[in-house]
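Here is start-v9.cif, consisting of mmCIF, C-alpha atoms:
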data_entry
loop_
_atom_site.label_atom_id
_atom_site.label_comp_id
_atom_site.auth_asym_id
_atom_site.auth_seq_id
_atom_site.Cartn_x
_atom_site.Cartn_y
_atom_site.Cartn_z
CA MET G 1 0.00 0.00 0.00
CA PRO G 2 1.62 3.34 -1.02
CA ASP G 3 2.11 5.87 1.74
CA ALA G 4 -0.58 8.54 1.85
CA PRO G 5 0.76 12.09 1.43
CA PRO G 6 1.19 14.04 4.68
CA LEU G 7 -1.62 16.44 5.55
CA PRO G 8 -1.13 19.92 7.03
CA GLY G 9 -1.53 19.79 10.80
CA TYR G 10 -1.26 15.99 10.94
CA ARG G 11 1.58 13.62 11.73
CA SER G 12 3.50 12.15 8.84
CA ASN G 13 3.35 8.40 8.36
CA GLU G 14 6.84 8.17 9.85
CA ASP G 15 5.75 10.18 12.89
CA TRP G 16 2.71 7.89 13.29
CA ASP G 17 4.92 4.80 13.25
CA ALA G 18 7.20 6.41 15.82
CA LEU G 19 4.23 7.21 18.08
CA LEU G 20 3.02 3.60 17.95
CA ALA G 21 6.51 2.35 18.72
CA GLU G 22 6.72 4.68 21.73
CA LEU G 23 3.31 3.58 23.06
CA ASN G 24 4.27 -0.05 22.61
CA ALA G 25 7.51 0.50 24.55
CA ARG G 26 5.64 2.27 27.37
CA ILE G 27 3.12 -0.56 27.72
CA GLU G 28 5.94 -3.11 27.82
CA ARG G 29 7.68 -1.12 30.58
CA ILE G 30 4.45 -0.95 32.61
CA GLU G 31 4.14 -4.72 32.34
CA HIS G 32 7.44 -5.04 34.21
CA TRP G 33 6.60 -2.66 37.05
CA PRO G 34 7.31 -4.34 40.40
CA ASP G 35 4.31 -2.71 42.12
CA ALA G 36 1.48 -5.08 41.14
CA ASP G 37 -1.30 -2.92 42.57
CA THR G 38 -0.19 0.23 40.73
CA LYS G 39 0.23 -1.76 37.53
CA ARG G 40 -3.26 -3.20 37.92
CA GLN G 41 -4.78 0.25 38.44
CA VAL G 42 -3.00 1.65 35.37
CA PHE G 43 -4.24 -1.17 33.16
CA GLU G 44 -7.75 -0.85 34.55
CA LEU G 45 -7.66 2.84 33.59
CA LEU G 46 -6.38 2.00 30.11
CA ASN G 47 -9.03 -0.65 29.67
CA GLY G 48 -11.70 1.86 30.69
CA ILE G 49 -10.45 4.33 28.07
CA ASP G 50 -10.36 1.46 25.58
CA ALA G 51 -14.01 0.63 26.34
CA VAL G 52 -15.05 4.27 25.73
CA HIS G 53 -13.23 4.36 22.40
CA ARG G 54 -14.52 0.95 21.34
CA GLU G 55 -18.16 1.87 21.98
CA ALA G 56 -17.89 5.28 20.29
CA LEU G 57 -16.09 3.96 17.21
CA HIS G 58 -18.53 1.11 16.68
CA ARG G 59 -21.41 3.58 16.84
CA LEU G 60 -19.64 5.96 14.46
CA VAL G 61 -18.88 3.28 11.87
CA ARG G 62 -22.55 2.22 11.85
CA LEU G 63 -23.37 5.68 10.48
CA PHE G 64 -20.99 5.37 7.52
CA LYS G 65 -22.52 4.95 4.11
CA GLN G 66 -21.61 1.83 2.16
CA GLY G 67 -18.05 1.99 0.88
CA VAL G 68 -16.94 4.88 3.10
CA LEU G 69 -15.04 2.70 5.58
CA GLU G 70 -13.19 0.96 2.75
CA GLN G 71 -12.00 4.35 1.55
CA VAL G 72 -10.93 5.87 4.85
CA VAL G 73 -8.91 2.85 6.03
CA THR G 74 -6.42 3.44 3.23
CA ASP G 75 -4.88 6.00 5.60
CA PRO G 76 -2.32 4.19 7.79
CA ALA G 77 -3.40 5.88 11.03
CA ILE G 78 -7.11 5.20 10.47
CA HIS G 79 -6.28 1.66 9.34
CA THR G 80 -4.44 1.03 12.63
CA LEU G 81 -7.27 2.49 14.71
CA MET G 82 -9.95 0.40 13.00
CA GLU G 83 -7.78 -2.70 13.30
CA LEU G 84 -7.41 -2.15 17.06
CA TYR G 85 -11.19 -2.21 17.50
CA ASP G 86 -12.02 -5.04 15.06
CA LEU G 87 -13.67 -2.68 12.58
CA LEU G 88 -11.70 -3.38 9.43
CA PRO G 89 -13.93 -4.37 6.50
CA PRO G 90 -13.14 -7.81 4.98
CA SER G 91 -11.90 -6.16 1.80
CA ALA G 92 -9.32 -3.98 3.58
CA ALA G 93 -5.72 -4.46 2.54
CA PRO G 94 -3.22 -5.61 5.20
CA ALA G 95 -1.91 -2.91 7.49
CA PRO G 96 1.48 -1.43 6.60
CA ALA G 97 4.50 -2.58 8.61
CA PRO G 98 5.55 -2.31 11.39
CA LYS G 99 2.99 -4.12 13.55
CA PHE G 100 2.81 -3.65 17.31
CA PRO G 101 1.54 -6.81 19.09
CA THR G 102 0.87 -5.20 22.49
CA ILE G 103 -1.67 -2.80 20.98
CA PRO G 104 -4.64 -2.78 21.48
CA ILE G 105 -4.64 -2.42 25.23
CA ARG G 106 -7.00 -5.39 25.59
CA ALA G 107 -4.26 -7.66 24.31
CA VAL G 108 -2.16 -6.88 27.39
CA PRO G 109 -2.84 -9.46 30.13
CA VAL G 110 -4.08 -7.84 33.32
CA ALA G 111 -3.82 -9.90 36.47
CA ALA G 112 -7.12 -10.36 38.25
CA PRO G 113 -7.29 -8.51 41.56
CA PRO G 114 -6.63 -10.77 44.53
CA ALA G 115 -9.65 -12.18 46.31
CA PRO G 116 -10.48 -10.25 49.48
CA ALA G 117 -9.12 -11.79 52.66
CA ARG G 118 -11.60 -13.90 54.63
CA TYR G 119 -11.79 -13.84 58.41
CA PRO G 120 -13.82 -16.88 59.51
CA ARG G 121 -15.43 -16.40 62.90
CA TRP G 122 -18.20 -17.75 65.11
CA VAL G 123 -20.47 -15.09 66.60
CA PRO G 124 -23.00 -15.74 69.40
CA ALA G 125 -26.63 -15.17 68.38
CA LEU G 126 -28.76 -16.31 71.34
CA CYS G 127 -29.11 -18.97 74.02
CA ALA G 128 -30.33 -22.27 72.62
CA ASP G 129 -32.99 -22.76 75.30
CA THR G 130 -34.74 -19.50 74.32
CA LEU G 131 -35.96 -20.85 70.97
CA PRO G 132 -38.14 -24.00 70.90
CA SER G 133 -38.19 -26.50 68.03
CA GLY G 134 -40.44 -25.42 65.16
CA ALA G 135 -39.91 -21.72 65.83
CA THR G 136 -37.90 -18.91 64.25
CA ARG G 137 -36.31 -15.76 65.59
CA ASP G 138 -35.33 -12.56 63.79
CA VAL G 139 -31.86 -11.51 64.97
CA VAL G 140 -29.03 -9.22 63.99
CA VAL G 141 -25.67 -10.94 64.35
CA ASP G 142 -22.40 -9.13 63.67
CA GLY G 143 -24.46 -6.41 61.99
CA VAL G 144 -26.20 -8.87 59.63
CA PRO G 145 -30.01 -9.37 59.79
CA LEU G 146 -30.76 -13.10 59.98
CA VAL G 147 -33.58 -15.54 60.55
CA LEU G 148 -32.70 -18.35 62.95
CA ALA G 149 -34.83 -21.49 62.73
CA ARG G 150 -34.87 -24.65 64.84
CA ARG G 151 -36.34 -28.01 63.83
CA ASP G 152 -35.85 -31.41 65.47
CA GLY G 153 -32.65 -30.44 67.23
CA ALA G 154 -31.10 -28.85 64.12
CA TRP G 155 -30.38 -25.14 63.75
CA TYR G 156 -30.49 -23.00 60.61
CA ALA G 157 -29.41 -19.42 59.92
CA LEU G 158 -30.59 -17.64 56.80
CA ALA G 159 -30.35 -14.12 55.39
CA GLY G 160 -33.09 -11.92 56.80
CA ALA G 161 -34.17 -10.36 53.48
CA CYS G 162 -36.17 -11.89 50.61
CA PRO G 163 -34.05 -12.07 47.41
CA LEU G 164 -37.02 -10.87 45.34
CA ASP G 165 -36.78 -7.26 46.46
CA GLY G 166 -34.90 -7.17 49.76
CA ALA G 167 -38.07 -7.12 51.88
CA ALA G 168 -37.46 -8.14 55.50
CA LEU G 169 -38.44 -11.70 56.39
CA SER G 170 -39.49 -10.60 59.86
CA GLY G 171 -42.61 -12.54 60.80
CA ALA G 172 -42.08 -15.28 58.20
CA SER G 173 -44.08 -18.44 58.87
CA PHE G 174 -42.25 -21.74 59.42
CA SER G 175 -43.78 -25.14 58.62
CA GLY G 176 -41.82 -28.36 58.32
CA TYR G 177 -38.57 -27.14 56.77
CA THR G 178 -40.22 -24.36 54.77
CA LEU G 179 -39.87 -20.68 55.55
CA SER G 180 -42.57 -18.58 53.84
CA CYS G 181 -42.01 -14.93 53.03
CA PRO G 182 -44.57 -12.72 54.81
CA ILE G 183 -44.68 -10.28 51.87
CA HIS G 184 -44.77 -12.35 48.68
CA ALA G 185 -47.43 -15.00 48.17
CA GLY G 186 -45.99 -18.31 46.96
CA CYS G 187 -42.44 -17.39 48.01
CA HIS G 188 -41.11 -20.31 50.10
CA TYR G 189 -37.58 -21.38 51.05
CA ASP G 190 -36.08 -24.62 52.34
CA VAL G 191 -34.22 -23.66 55.52
CA ARG G 192 -31.80 -26.57 55.10
CA ASN G 193 -30.12 -25.11 52.01
CA GLY G 194 -31.87 -21.79 51.27
CA ALA G 195 -33.31 -23.03 47.97
CA ARG G 196 -36.50 -21.35 46.82
CA VAL G 197 -39.28 -23.89 46.31
CA GLY G 198 -40.16 -23.96 42.61
CA GLY G 199 -36.95 -22.23 41.54
CA GLY G 200 -35.56 -18.73 41.80
CA ALA G 201 -32.87 -16.92 43.74
CA PRO G 202 -32.01 -18.72 46.99
CA LEU G 203 -31.59 -17.36 50.49
CA ALA G 204 -28.03 -17.14 51.73
CA CYS G 205 -27.32 -19.65 54.50
CA TYR G 206 -24.78 -19.56 57.31
CA PRO G 207 -23.20 -22.35 59.37
CA VAL G 208 -24.65 -22.78 62.85
CA ARG G 209 -23.44 -24.65 65.93
CA VAL G 210 -24.20 -24.76 69.64
CA ASP G 211 -21.24 -24.46 71.99
CA GLY G 212 -20.70 -26.06 75.38
CA ASP G 213 -22.33 -23.13 77.14
CA GLY G 214 -25.58 -23.59 75.22
CA ARG G 215 -25.01 -20.57 72.97
CA VAL G 216 -26.09 -20.66 69.33
CA LEU G 217 -23.16 -19.48 67.19
CA VAL G 218 -23.39 -18.31 63.58
CA GLY G 219 -20.38 -18.67 61.29
CA PHE G 220 -19.34 -15.81 59.03
CA GLU G 221 -16.95 -15.80 56.07
CA MET G 222 -16.79 -19.58 56.00
CA ASP G 223 -18.22 -22.18 53.65
CA PHE G 224 -21.77 -23.38 54.24
CA LYS G 225 -22.45 -27.10 53.72
CA PRO G 226 -26.15 -28.03 53.70
CA SER G 227 -27.17 -31.20 55.50
CA LEU G 228 -29.96 -32.89 53.52
CA PRO G 229 -31.28 -36.46 53.57
CA SER G 230 -29.58 -38.73 51.02
CA PHE G 231 -32.90 -40.29 49.94
#
Transcribe the structure of this file into structure tokens.
Amino acid sequence: MPDAPPLPGYRSNEDWDALLAELNARIERIEHWPDADTKRQVFELLNGIDAVHREALHRLVRLFKQGVLEQVVTDPAIHTLMELYDLLPPSAAPAPAPKFPTIPIRAVPVAAPPAPARYPRWVPALCADTLPSGATRDVVVDGVPLVLARRDGAWYALAGACPLDGAALSGASFSGYTLSCPIHAGCHYDVRNGARVGGGAPLACYPVRVDGDGRVLVGFEMDFKPSLPSF
């Protein structure tokens, strides 16, 4: 592809190639930064800018009349830009050398942020002898609204808000192993695993145990393992 003539007020093709080379070198240097958190934040910023450009360019190209894109991509700078955002028409000629593999930004691997630290803990909720079998109690434990339920010697702790709209489950009825939302008709949950009867978003469940002093303890930031019959 012959070089397009330079335009007044615009970079020459040589200047454009130099700019791409400089950007490529900068991205490669950032990849080797020792501060992982700063590097992650920089790439998140670049990816955000990339998302803005990608959305705007796709919308702009949709407004082009037939054949316009094929004409404008003969310019090396426009060709590179459209190539970065997967907008080159099938008939476009290959981009002029040199190529820069670390552009677009999305091609640069960004490490996923580390998972937040977990601090498993058991927090007292109430005395076991204050809640009879077949009953529930609305409590706030460690700042979290919960529903505690007791059935046949087993204890259950569930989130205190209905997943449908966040309505409080205060006053929910309890029959068998089914907790029924007091607000939404036909909204029932199995206290053993939080599953909504008939399908839908489940209630979050928390581990529960009773300590040697007869206190009911609720576990936070630890895995919940439902105990259901095997038959």
Enumerate, as a PyMOL selection string, the residues matched when the PyMOL selection byres ((chain G and resi 158-160) around 8) is run on the file above. chain G and resi 138+144-148+156-157+161-162+168-170+191+194+203-206
Please measure the separation of atom CA of Gly214 of chain G and atom CA of Asn193 of chain G, giving the value in Å to one decimal.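 Computing it gives 23.7 Å between the two atoms.
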Which value, in Å to one decimal, gives the distance between atom CA of Phe224 of chain G and atom CA of Ile183 of chain G?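 Atom CA of Ile183 of chain G lies 26.5 Å from atom CA of Phe224 of chain G.
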Could you pull the residues within 8 Å of Trp122 of chain G, counting only C-alpha atoms, minus those fewer than 5 positions along the same chain, as a VMD selection string? chain G and resid 217 to 220
Quick one: pull the distance between atom CA of Lys225 of chain G and atom CA of Ala167 of chain G, Å, one decimal.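 Between atom CA of Lys225 of chain G and atom CA of Ala167 of chain G the gap is 25.4 Å.
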Can you give me, as a compact mmCIF listing (two decimals) with C-alpha atoms, in the frame of the given file, the residues this file yields under the PyMOL selection byres ((chain G and resi 119) around 10)?
# COMPACT_ATOMS: atom_id res chain seq x y z
CA PRO G 116 -10.48 -10.25 49.48
CA ALA G 117 -9.12 -11.79 52.66
CA ARG G 118 -11.60 -13.90 54.63
CA PRO G 120 -13.82 -16.88 59.51
CA ARG G 121 -15.43 -16.40 62.90
CA PHE G 220 -19.34 -15.81 59.03
CA GLU G 221 -16.95 -15.80 56.07
CA MET G 222 -16.79 -19.58 56.00
For Asn13 of chain G, which residue out of G:Pro207, G:Gly67, G:Pro76, G:Gly186 is the nearest one, using only C-alpha atoms?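 Looking at the shortest contact to Asn13 of chain G, the residue is G:Pro76.
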Shortest interatomic distance to Ala128 of chain G - which of G:Pro226, G:Pro90, G:Gly176, G:Gly212, counting only C-alpha atoms: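 For Ala128 of chain G, the nearest of the given residues is G:Gly212.
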Take every atom of segment 216-221 of chain G listed in the file, pad by 5 Å on each side, and give me the axis-aligned box centre and edge lengths in Å, one decimal, as AutoDock Vina command-line options.
--center_x -21.5 --center_y -18.2 --center_z 62.7 --size_x 19.1 --size_y 14.9 --size_z 23.3
I'd like to know which of G:Arg209, G:Arg54, G:Lys65, G:Arg59 is closest to Gly153 of chain G, using all atoms listed in the file.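 Smallest separation from Gly153 of chain G among the options: G:Arg209.
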Carefully work through the PyMOL selection byres ((chain G and resi 70-72) around 12) for this structure and note down the residues it includes, as a VMD selection string. chain G and resid 4 61 64 to 69 73 to 82 87 to 93
Pick out the closest residue to Cys181 of chain G from this set: G:Glu55, G:Asn47, G:Pro163, G:Gly198. Count only C-alpha atoms.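 Of G:Glu55, G:Asn47, G:Pro163, G:Gly198, the one nearest Cys181 of chain G, counting only C-alpha atoms, is G:Pro163.
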Have a look at G:Leu228, G:His58, G:Ala21, G:Ser173 and name the one nearest to Ala195 of chain G; count only C-alpha atoms.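 Closest residue, counting only C-alpha atoms: G:Leu228.
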Restore N, CA and C atoms in segment 126-145 of chain G and list the result as a CSV table (one decimal), in the frame of the given file.
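Listing of part-v9.csv after writing:
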chain,number,residue,atom,x,y,z
G,126,LEU,N,-27.8,-16.2,70.2
G,126,LEU,CA,-28.8,-16.3,71.3
G,126,LEU,C,-28.5,-17.6,72.1
G,127,CYS,N,-29.2,-17.7,73.2
G,127,CYS,CA,-29.1,-19.0,74.0
G,127,CYS,C,-30.0,-20.0,73.4
G,128,ALA,N,-29.6,-21.2,73.3
G,128,ALA,CA,-30.3,-22.3,72.6
G,128,ALA,C,-31.7,-22.5,73.3
G,129,ASP,N,-31.7,-22.4,74.6
G,129,ASP,CA,-33.0,-22.8,75.3
G,129,ASP,C,-34.1,-21.7,75.2
G,130,THR,N,-33.7,-20.6,74.5
G,130,THR,CA,-34.7,-19.5,74.3
G,130,THR,C,-35.6,-19.7,73.0
G,131,LEU,N,-35.2,-20.6,72.2
G,131,LEU,CA,-36.0,-20.8,71.0
G,131,LEU,C,-36.4,-22.3,70.9
G,132,PRO,N,-37.7,-22.6,71.0
G,132,PRO,CA,-38.1,-24.0,70.9
G,132,PRO,C,-38.1,-24.5,69.5
G,133,SER,N,-38.2,-25.9,69.3
G,133,SER,CA,-38.2,-26.5,68.0
G,133,SER,C,-39.5,-26.1,67.3
G,134,GLY,N,-39.3,-25.8,66.0
G,134,GLY,CA,-40.4,-25.4,65.2
G,134,GLY,C,-40.7,-23.9,65.1
G,135,ALA,N,-39.7,-23.2,65.8
G,135,ALA,CA,-39.9,-21.7,65.8
G,135,ALA,C,-38.8,-21.0,65.1
G,136,THR,N,-38.9,-19.7,64.9
G,136,THR,CA,-37.9,-18.9,64.2
G,136,THR,C,-37.7,-17.7,65.1
G,137,ARG,N,-36.6,-17.0,64.9
G,137,ARG,CA,-36.3,-15.8,65.6
G,137,ARG,C,-35.6,-14.8,64.6
G,138,ASP,N,-36.0,-13.6,64.6
G,138,ASP,CA,-35.3,-12.6,63.8
G,138,ASP,C,-34.2,-12.0,64.7
G,139,VAL,N,-33.0,-12.0,64.2
G,139,VAL,CA,-31.9,-11.5,65.0
G,139,VAL,C,-30.9,-10.7,64.1
G,140,VAL,N,-30.1,-9.9,64.7
G,140,VAL,CA,-29.0,-9.2,64.0
G,140,VAL,C,-27.7,-9.7,64.6
G,141,VAL,N,-26.9,-10.4,63.8
G,141,VAL,CA,-25.7,-10.9,64.4
G,141,VAL,C,-24.5,-10.4,63.6
G,142,ASP,N,-23.6,-9.8,64.3
G,142,ASP,CA,-22.4,-9.1,63.7
G,142,ASP,C,-22.8,-8.1,62.6
G,143,GLY,N,-24.0,-7.4,62.9
G,143,GLY,CA,-24.5,-6.4,62.0
G,143,GLY,C,-25.3,-6.9,60.8
G,144,VAL,N,-25.5,-8.3,60.8
G,144,VAL,CA,-26.2,-8.9,59.6
G,144,VAL,C,-27.6,-9.3,60.1
G,145,PRO,N,-28.7,-8.9,59.5
G,145,PRO,CA,-30.0,-9.4,59.8
G,145,PRO,C,-30.2,-10.8,59.3
